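**Student:** Contents of my_file.txt (compact mmCIF, C-alpha atoms) are given next:
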```txt
# COMPACT_ATOMS: atom_id res chain seq x y z
CA MET A 1 147.51 195.71 36.75
CA LEU A 2 150.92 196.80 35.47
CA ARG A 3 152.68 194.50 37.96
CA ARG A 4 150.46 191.61 36.93
CA ALA A 5 151.17 192.28 33.24
CA ALA A 6 154.88 192.45 33.96
CA LEU A 7 154.81 189.08 35.72
CA ILE A 8 152.90 187.50 32.84
CA ALA A 9 155.47 188.89 30.41
CA PHE A 10 158.33 187.58 32.58
CA VAL A 11 156.86 184.09 32.81
CA ALA A 12 156.20 183.94 29.07
CA LEU A 13 159.77 185.00 28.35
CA ALA A 14 161.26 182.59 30.89
CA VAL A 15 159.43 179.47 29.79
CA GLY A 16 159.37 180.28 26.08
CA SER A 17 156.59 179.78 23.59
CA GLY A 18 155.81 177.27 20.90
CA ALA A 19 157.07 177.67 17.35
CA SER A 20 154.88 179.40 14.77
CA GLY A 21 151.79 177.36 14.03
CA GLN A 22 152.17 175.24 17.16
CA GLU A 23 150.33 175.32 20.46
CA PRO A 24 151.99 177.79 22.84
CA ALA A 25 153.95 176.34 25.72
CA PRO A 26 151.99 176.14 28.99
CA THR A 27 152.59 178.91 31.49
CA PRO A 28 151.94 178.96 35.24
CA PRO A 29 149.19 181.20 36.65
CA ALA A 30 150.26 184.78 37.26
CA GLU A 31 148.46 184.72 40.62
CA PRO A 32 148.12 181.89 43.15
CA PRO A 33 144.99 179.79 42.65
CA PRO A 34 142.33 180.90 45.16
CA GLU A 35 141.93 177.40 46.58
CA TRP A 36 145.53 177.23 47.77
CA GLY A 37 145.97 177.19 51.52
CA ALA A 38 148.75 177.26 54.05
CA THR A 39 151.48 174.63 54.19
CA ALA A 40 151.77 173.24 57.73
CA ILE A 41 155.18 173.83 59.27
CA ASP A 42 155.55 170.08 59.79
CA TYR A 43 154.33 169.35 56.22
CA SER A 44 151.60 167.16 57.69
CA ASN A 45 149.27 168.32 54.89
CA VAL A 46 151.84 167.63 52.15
CA PRO A 47 151.62 164.10 50.66
CA TYR A 48 154.71 161.90 50.63
CA PRO A 49 154.95 158.95 48.20
CA TRP A 50 156.23 156.45 50.81
CA PRO A 51 155.90 156.16 54.59
CA VAL A 52 157.96 158.66 56.56
CA GLU A 53 160.16 157.49 59.42
CA TYR A 54 162.06 159.54 61.99
CA LEU A 55 165.45 159.47 63.67
CA GLU A 56 166.03 161.42 66.86
CA VAL A 57 169.20 163.52 66.60
CA GLU A 58 170.86 165.80 69.11
CA VAL A 59 172.08 169.19 67.86
CA TYR A 60 173.35 172.01 70.10
CA GLY A 61 172.22 169.99 73.12
CA ASP A 62 168.58 169.63 72.02
CA THR A 63 166.84 166.63 70.51
CA HIS A 64 165.12 166.94 67.12
CA ARG A 65 163.55 164.58 64.61
CA MET A 66 165.02 163.98 61.16
CA ALA A 67 162.44 162.63 58.70
CA TYR A 68 163.34 160.21 55.94
CA MET A 69 161.82 157.66 53.58
CA ASP A 70 163.47 154.24 53.50
CA VAL A 71 162.46 152.78 50.13
CA ALA A 72 163.22 149.13 49.47
CA PRO A 73 164.28 147.89 46.04
CA ALA A 74 161.32 147.29 43.74
CA GLY A 75 163.51 145.47 41.25
CA GLU A 76 165.99 142.69 42.01
CA PRO A 77 168.03 143.95 45.00
CA ASN A 78 171.65 144.75 44.18
CA GLY A 79 172.73 145.12 47.81
CA ARG A 80 173.56 148.83 47.47
CA VAL A 81 172.16 151.85 49.31
CA VAL A 82 171.74 155.40 48.04
CA ALA A 83 171.27 158.41 50.34
CA LEU A 84 169.54 161.27 48.52
CA PHE A 85 169.86 164.94 49.53
CA HIS A 86 167.38 167.57 48.34
CA GLY A 87 167.97 171.17 47.29
CA MET A 88 167.19 174.43 49.10
CA ASN A 89 163.75 174.96 47.54
CA PHE A 90 162.66 171.34 47.82
CA PHE A 91 162.38 168.46 50.29
CA ALA A 92 162.49 164.68 49.92
CA ALA A 93 159.05 164.05 48.33
CA PRO A 94 159.64 165.92 45.02
CA TYR A 95 162.43 163.45 44.24
CA GLU A 96 159.91 160.63 43.80
CA PRO A 97 160.90 160.03 40.13
CA THR A 98 164.55 159.57 41.10
CA ILE A 99 163.70 157.43 44.13
CA ARG A 100 161.45 155.26 41.98
CA ALA A 101 164.04 154.88 39.21
CA LEU A 102 166.74 153.89 41.71
CA SER A 103 164.42 151.49 43.52
CA GLU A 104 163.42 149.81 40.27
CA ALA A 105 167.12 149.45 39.45
CA GLY A 106 167.61 147.46 42.67
CA PHE A 107 168.86 150.13 45.07
CA ARG A 108 167.63 150.77 48.58
CA VAL A 109 167.02 154.53 48.82
CA LEU A 110 167.15 156.79 51.87
CA ALA A 111 165.49 160.10 50.94
CA ILE A 112 166.19 162.55 53.75
CA ASP A 113 164.53 165.79 54.86
CA ARG A 114 167.30 167.88 56.39
CA LEU A 115 166.52 169.70 59.62
CA GLY A 116 164.56 172.83 58.71
CA TYR A 117 162.83 171.15 55.77
CA GLY A 118 159.83 168.96 55.04
CA ARG A 119 158.68 166.80 57.92
CA SER A 120 161.88 167.19 59.91
CA SER A 121 162.06 169.45 62.96
CA LYS A 122 162.39 173.20 62.36
CA PRO A 123 164.86 174.31 65.06
CA LEU A 124 166.01 177.91 65.31
CA ILE A 125 169.73 177.15 65.23
CA HIS A 126 172.83 178.26 63.38
CA TYR A 127 172.78 175.94 60.37
CA ASN A 128 175.80 174.50 58.58
CA LEU A 129 176.61 171.57 56.31
CA HIS A 130 178.21 169.51 59.09
CA ILE A 131 174.79 169.02 60.71
CA PRO A 132 173.11 167.09 57.86
CA ALA A 133 176.34 165.22 57.12
CA LYS A 134 176.63 164.02 60.73
CA ASN A 135 172.91 163.25 60.97
CA THR A 136 173.17 161.10 57.84
CA ARG A 137 176.07 159.19 59.37
CA ARG A 138 173.89 158.69 62.43
CA LEU A 139 171.11 157.37 60.22
CA LEU A 140 173.43 154.89 58.53
CA ASP A 141 174.59 153.73 61.97
CA ALA A 142 171.01 153.32 63.20
CA LEU A 143 170.05 151.27 60.13
CA GLY A 144 173.19 149.14 60.25
CA ILE A 145 174.47 150.38 56.88
CA ASP A 146 178.24 150.42 56.52
CA ARG A 147 178.54 152.26 53.21
CA ALA A 148 176.23 154.20 50.90
CA ALA A 149 176.31 156.12 47.66
CA ILE A 150 175.59 159.79 48.24
CA VAL A 151 173.56 161.80 45.71
CA GLY A 152 172.85 165.49 46.22
CA HIS A 153 170.97 168.00 44.06
CA SER A 154 171.59 171.76 44.21
CA MET A 155 172.39 172.60 47.85
CA GLY A 156 172.16 168.86 48.45
CA GLY A 157 175.30 168.62 46.34
CA MET A 158 177.07 170.72 48.94
CA VAL A 159 175.89 168.29 51.63
CA ALA A 160 177.12 165.39 49.48
CA THR A 161 180.53 167.07 49.20
CA ARG A 162 180.72 167.59 52.96
CA PHE A 163 179.65 164.00 53.69
CA ALA A 164 182.16 162.49 51.24
CA SER A 165 185.00 164.63 52.57
CA THR A 166 184.15 163.89 56.22
CA TYR A 167 183.20 160.21 55.98
CA PRO A 168 185.10 158.71 53.03
CA GLU A 169 184.97 155.25 54.60
CA ARG A 170 181.15 155.40 54.57
CA THR A 171 180.88 156.64 50.96
CA SER A 172 180.97 154.27 48.00
CA HIS A 173 180.11 156.86 45.32
CA VAL A 174 179.26 160.55 45.38
CA ALA A 175 177.14 162.32 42.74
CA MET A 176 176.75 166.11 42.64
CA VAL A 177 173.72 167.14 40.58
CA ASN A 178 173.70 170.78 39.47
CA GLN A 179 175.42 171.61 42.73
CA ILE A 180 175.42 175.21 43.89
CA GLY A 181 178.11 176.86 46.00
CA LEU A 182 180.69 176.34 43.24
CA SER A 183 182.85 179.25 44.38
CA ASP A 184 183.98 180.80 47.65
CA THR A 185 182.16 184.14 47.75
CA ARG A 186 183.74 185.41 50.98
CA PRO A 187 186.80 187.28 49.62
CA GLY A 188 185.86 190.92 49.03
CA ARG A 189 182.31 190.44 50.24
CA GLU A 190 181.05 192.02 53.43
CA TRP A 191 179.28 189.91 56.03
CA GLY A 192 175.54 190.53 56.25
CA ASP A 193 173.59 190.79 59.48
CA PRO A 194 171.31 187.73 59.87
CA GLU A 195 168.49 190.00 61.07
CA ASP A 196 168.59 191.86 57.76
CA ALA A 197 168.51 188.58 55.86
CA TYR A 198 165.58 187.41 57.96
CA ALA A 199 163.63 190.59 57.25
CA ARG A 200 164.24 190.25 53.50
CA VAL A 201 162.97 186.68 53.45
CA ARG A 202 160.02 187.37 55.73
CA ASP A 203 158.80 190.45 53.88
CA GLY A 204 160.02 189.73 50.37
CA THR A 205 158.81 186.18 49.78
CA THR A 206 155.66 186.23 47.65
CA TYR A 207 153.94 183.95 45.18
CA ARG A 208 155.64 185.86 42.40
CA SER A 209 159.12 185.53 43.88
CA VAL A 210 158.68 181.82 44.56
CA LEU A 211 157.27 181.22 41.08
CA ALA A 212 160.10 183.14 39.43
CA GLY A 213 162.62 181.02 41.31
CA HIS A 214 161.07 177.81 40.00
CA VAL A 215 160.51 179.06 36.44
CA ARG A 216 164.21 179.69 35.95
CA TYR A 217 164.99 176.03 36.63
CA TYR A 218 163.42 174.92 33.35
CA PRO A 219 164.78 176.35 30.08
CA LEU A 220 163.06 173.55 28.14
CA GLY A 221 159.69 174.98 29.18
CA TRP A 222 157.19 174.90 31.98
CA LYS A 223 155.18 171.78 32.84
CA PRO A 224 151.98 171.96 34.90
CA GLU A 225 153.31 169.40 37.39
CA TYR A 226 156.00 171.85 38.50
CA LEU A 227 153.35 174.06 40.10
CA GLN A 228 152.78 171.70 43.03
CA TRP A 229 156.22 172.55 44.43
CA VAL A 230 155.53 176.26 44.10
CA LYS A 231 152.32 175.65 46.06
CA VAL A 232 154.16 173.97 48.93
CA GLN A 233 156.88 176.62 49.19
CA TYR A 234 154.53 179.59 48.81
CA GLY A 235 152.05 177.99 51.23
CA LEU A 236 154.56 178.42 54.04
CA THR A 237 154.07 182.19 53.80
CA LEU A 238 150.33 181.73 54.47
CA SER A 239 150.94 179.97 57.78
CA GLY A 240 151.12 181.59 61.19
CA ASP A 241 154.51 179.89 61.45
CA TRP A 242 155.94 181.89 58.54
CA PRO A 243 158.13 184.12 60.74
CA ARG A 244 159.83 181.02 62.12
CA MET A 245 160.20 179.48 58.66
CA ALA A 246 161.54 182.75 57.26
CA ARG A 247 164.25 182.83 59.92
CA ILE A 248 165.16 179.20 59.17
CA ARG A 249 165.27 179.88 55.44
CA ALA A 250 167.51 182.91 55.96
CA GLY A 251 169.81 180.69 58.02
CA GLN A 252 169.94 178.09 55.24
CA GLN A 253 170.78 180.76 52.67
CA ALA A 254 173.65 181.97 54.86
CA ILE A 255 175.33 178.58 54.42
CA LEU A 256 176.35 179.59 50.89
CA PHE A 257 178.50 182.41 52.27
CA GLU A 258 179.55 181.01 55.63
CA ASP A 259 180.26 177.36 54.86
CA PRO A 260 181.78 176.87 51.38
CA VAL A 261 182.85 173.43 50.18
CA VAL A 262 185.19 174.43 47.37
CA HIS A 263 188.31 173.63 49.40
CA GLU A 264 187.14 170.07 50.05
CA TRP A 265 186.96 168.74 46.48
CA PRO A 266 190.71 168.03 46.19
CA THR A 267 190.53 165.90 49.35
CA ILE A 268 187.82 163.57 47.99
CA ALA A 269 189.19 160.31 46.55
CA THR A 270 185.76 158.61 46.43
CA LYS A 271 184.55 157.83 42.91
CA ALA A 272 182.57 160.90 41.91
CA LEU A 273 180.12 162.10 39.28
CA VAL A 274 179.56 165.76 38.49
CA ILE A 275 176.34 165.88 36.49
CA GLY A 276 173.77 168.44 35.43
CA GLY A 277 172.08 170.60 32.86
CA GLU A 278 174.38 173.01 31.02
CA GLU A 279 171.78 175.81 30.95
CA ASP A 280 171.67 176.17 34.73
CA ARG A 281 170.53 179.75 35.35
CA LEU A 282 171.56 179.63 39.02
CA VAL A 283 175.28 179.46 38.25
CA ARG A 284 177.28 181.71 35.95
CA ASP A 285 178.93 179.49 33.33
CA PHE A 286 177.78 176.24 34.91
CA PRO A 287 179.65 174.06 32.37
CA GLY A 288 182.94 175.77 33.26
CA ALA A 289 182.24 175.67 36.98
CA ALA A 290 181.22 171.99 36.84
CA ARG A 291 184.37 171.11 34.92
CA ASN A 292 186.42 172.86 37.59
CA VAL A 293 184.79 170.66 40.26
CA ALA A 294 185.48 167.49 38.28
CA GLU A 295 189.10 168.50 37.69
CA GLN A 296 189.68 169.11 41.40
CA LEU A 297 188.16 165.81 42.55
CA GLN A 298 190.66 162.96 42.58
CA ASN A 299 188.54 160.41 40.70
CA ALA A 300 185.62 162.01 38.87
CA GLU A 301 183.67 161.95 35.66
CA LEU A 302 181.64 164.77 34.18
CA VAL A 303 178.26 164.48 32.41
CA LEU A 304 176.50 167.60 31.11
CA PHE A 305 173.20 167.83 29.24
CA PRO A 306 173.04 170.61 26.61
CA GLY A 307 169.96 172.82 26.76
CA VAL A 308 168.85 171.41 30.13
CA GLY A 309 168.53 173.48 33.29
CA HIS A 310 168.96 173.17 37.04
CA ASN A 311 166.67 170.17 37.55
CA PRO A 312 167.46 167.46 34.97
CA ALA A 313 165.51 164.84 36.93
CA ALA A 314 162.34 166.76 36.01
CA GLU A 315 163.25 167.97 32.51
CA ILE A 316 164.88 164.82 31.08
CA PRO A 317 164.18 162.05 33.61
CA ASP A 318 165.00 159.09 31.36
CA ARG A 319 168.38 160.40 30.20
CA TYR A 320 169.34 161.69 33.62
CA HIS A 321 168.38 158.55 35.52
CA ALA A 322 170.13 156.32 32.98
CA GLU A 323 173.41 158.18 33.56
CA LEU A 324 173.00 158.26 37.33
CA ILE A 325 172.17 154.55 37.58
CA ARG A 326 175.05 153.63 35.25
CA PHE A 327 177.44 155.48 37.55
CA LEU A 328 176.01 154.10 40.80
CA ARG A 329 176.21 150.54 39.42
CA SER A 330 179.90 150.94 38.61
CA ASP A 331 182.71 149.43 40.64
CA PRO A 332 183.47 151.98 43.38
CA ASP A 333 187.12 150.99 43.35
CA ALA A 334 187.56 151.37 39.58
CA PRO A 335 188.76 154.62 38.00
CA ALA A 336 186.02 156.97 36.89
CA SER A 337 185.55 157.51 33.16
CA GLN A 338 187.78 160.25 31.76
CA VAL A 339 186.19 160.63 28.32
CA TRP A 340 185.13 164.17 29.28
CA ARG A 341 188.70 165.45 29.49
```
Show me, as structure tokens, the structure contained in the file I just sent.

**Tutor:**
Amino acid sequence: MLRRAALIAFVALAVGSGASGQEPAPTPPAEPPPEWGATAIDYSNVPYPWPVEYLEVEVYGDTHRMAYMDVAPAGEPNGRVVALFHGMNFFAAPYEPTIRALSEAGFRVLAIDRLGYGRSSKPLIHYNLHIPAKNTRRLLDALGIDRAAIVGHSMGGMVATRFASTYPERTSHVAMVNQIGLSDTRPGREWGDPEDAYARVRDGTTYRSVLAGHVRYYPLGWKPEYLQWVKVQYGLTLSGDWPRMARIRAGQQAILFEDPVVHEWPTIATKALVIGGEEDRLVRDFPGAARNVAEQLQNAELVLFPGVGHNPAAEIPDRYHAELIRFLRSDPDAPASQVWR
């Protein structure tokens, strides 16, 4: 009972409460709803908003399937393509609001599940950022797309950095949304055994830990619709495939230490946007760290939203999408706005 009370207190503190005389802010359940079941390892029981297609890709000599949604423009087509990369705790489907906003603005959108996520294959391999970057280049080749704008959220921002630095000729714009991995943590830090990391993920991932991770994304307060993504992530632990997924997740987490992108920003001349919520609880002093990224990029602008957290697409969708679309509509060969300096 004490642990349950502590969790309730934590959630209430994290999401805040209404002002005096107002209805209190909604809070997520302190325990998982009893009707929740396991998430299938292939996400076959997780709805996607558009049809899912697959590209066969070879990695370490084996063939795997990379899942993606190819969403046509709903508004008047503008002839541009956006490739969208998800974060570590998500997959392509939760980005439906962003996909829809971009589609309605005339963009064709490729929303990709990286290997190890969503409906893509779950290989037991040594993961790095080169793999999703190369697989995205393969996807563009397969679809006959010469150039795309690259948008990445959270760890997806690291993938966007790697893609833009590796394939500048294929990148029209690059947008890094509350990117993580904003420093190189290797100096002075001891390497950790992957087996220890695997054991921590396998044995330490609970409803409460998953919920706490999602709650801290949203300083403006919890919304009931956020719970569906907790359900999907926590549901993996209820599956007989959880040991495999835990090992994959530990391998994805290791990317932050083993494969930093901080040394690549100065090499990127592509028109860039560093954008996000200032109150990002995942990064110490996110405004300062984001400014550092923008200053190192050769042609970047910086847009920060005061009071907003790690996932601005969910907290302030209209403001966020307006800024993103404005940037992606801009001339890729024109200088980026420098009003932030």

**Student:** Which of these residues is nearest to Val109 (chain A), using only C-alpha atoms: A:Arg291, A:Arg80, A:His86, A:Lys122?

**Tutor:**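 Going through A:Arg291, A:Arg80, A:His86, A:Lys122 one by one, the smallest distance to Val109 (chain A) is for A:Arg80.
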
**Student:** Could you please determine the separation between CA of Lys134 (chain A) and CA of Pro335 (chain A) in Å, to one decimal place?

**Tutor:** 27.4 Å

**Student:** Calculated over only C-alpha atoms, which of the candidates A:Met176, A:Val232, A:Ala272, A:Leu139 has the smallest distance to Ile41 (chain A)?

**Tutor:**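 The shortest atom-to-atom distance to Ile41 (chain A) comes from A:Val232.
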
**Student:** So the first atom is CA of Ala142 (chain A) and the second is CA of Arg100 (chain A); what is the distance between them in Å, to one decimal place?

**Tutor:**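 According to the coordinates, CA of Ala142 (chain A) and CA of Arg100 (chain A) are separated by 23.4 Å.
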
**Student:** Would you list the contacts of Trp50 (chain A) as a list in words, taking every protein, DNA or RNA residue within 10 Å and counting only C-alpha atoms, but skipping same-chain residues closer than 5 positions in sequence?

**Tutor:** Tyr68, Met69, Asp70, Val71, Ala93, Glu96 and Ala111 of chain A

**Student:** What is the CA of Ala148 (chain A) to CA of Phe305 (chain A) distance in Å?

**Tutor:**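 Interatomic distance here is 25.8 Å.
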
**Student:** Can you work out which one of A:Val210, A:Met66, A:Ala246, A:Leu273 has the shortest atom-to-atom distance to Ser172 (chain A), counting only C-alpha atoms?

**Tutor:**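 Smallest distance to Ser172 (chain A) is found for A:Leu273.
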
**Student:** Here's a test: counting only C-alpha atoms, identify every protein, DNA and RNA residue with an atom at most 6 Å from (191.7, 167.7, 46.7) in the file's coordinate frame, and state them as a count of residues only.

**Tutor:** 6

**Student:** Find the residue from A:Gly118, A:Leu55, A:Leu84, A:Val159 that sits nearest to Asp141 (chain A); use all atoms listed in the file when measuring.

**Tutor:**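 Checking each candidate against Asp141 (chain A), we get A:Leu55 as the closest.
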
**Student:** Under the rule that all atoms listed in the file are counted, which of A:Val151, A:Ala72, A:Leu102, A:Pro29 is the nearest residue to Ala322 (chain A)?

**Tutor:**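 Of A:Val151, A:Ala72, A:Leu102, A:Pro29, the one nearest Ala322 (chain A) is A:Leu102, counting all atoms listed in the file.
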
**Student:** Wanna dump the region 88-117 of chain A-region 123-129 of chain A contacts at 12 Å for me, each residue with its shortest atom pair and the distance in Å to one decimal, counting all atoms listed in the file, ordered by chain and number, as a tab-separated table?

**Tutor:**
```
residue	atom	partner	partner_atom	distance
A:Arg114	CA	A:Leu129	CA	10.0
A:Leu115	CA	A:Pro123	CA	7.3
A:Gly116	CA	A:Pro123	CA	6.5
A:Tyr117	CA	A:Pro123	CA	10.0
```

**Student:** Which residues come within 6 Å of Gly277 (chain A), counting all atoms listed in the file, excluding same-chain residues fewer than 5 positions away, as a ChimeraX atom specification?

**Tutor:** /A:304-305,308-310,312

**Student:** Of the residues A:Arg119, A:Arg138, A:Arg284, A:His64, which is the one nearest to Pro51 (chain A), using all atoms listed in the file?

**Tutor:**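 Once distances to Pro51 (chain A) are computed over all atoms listed in the file, the minimum belongs to A:Arg119.
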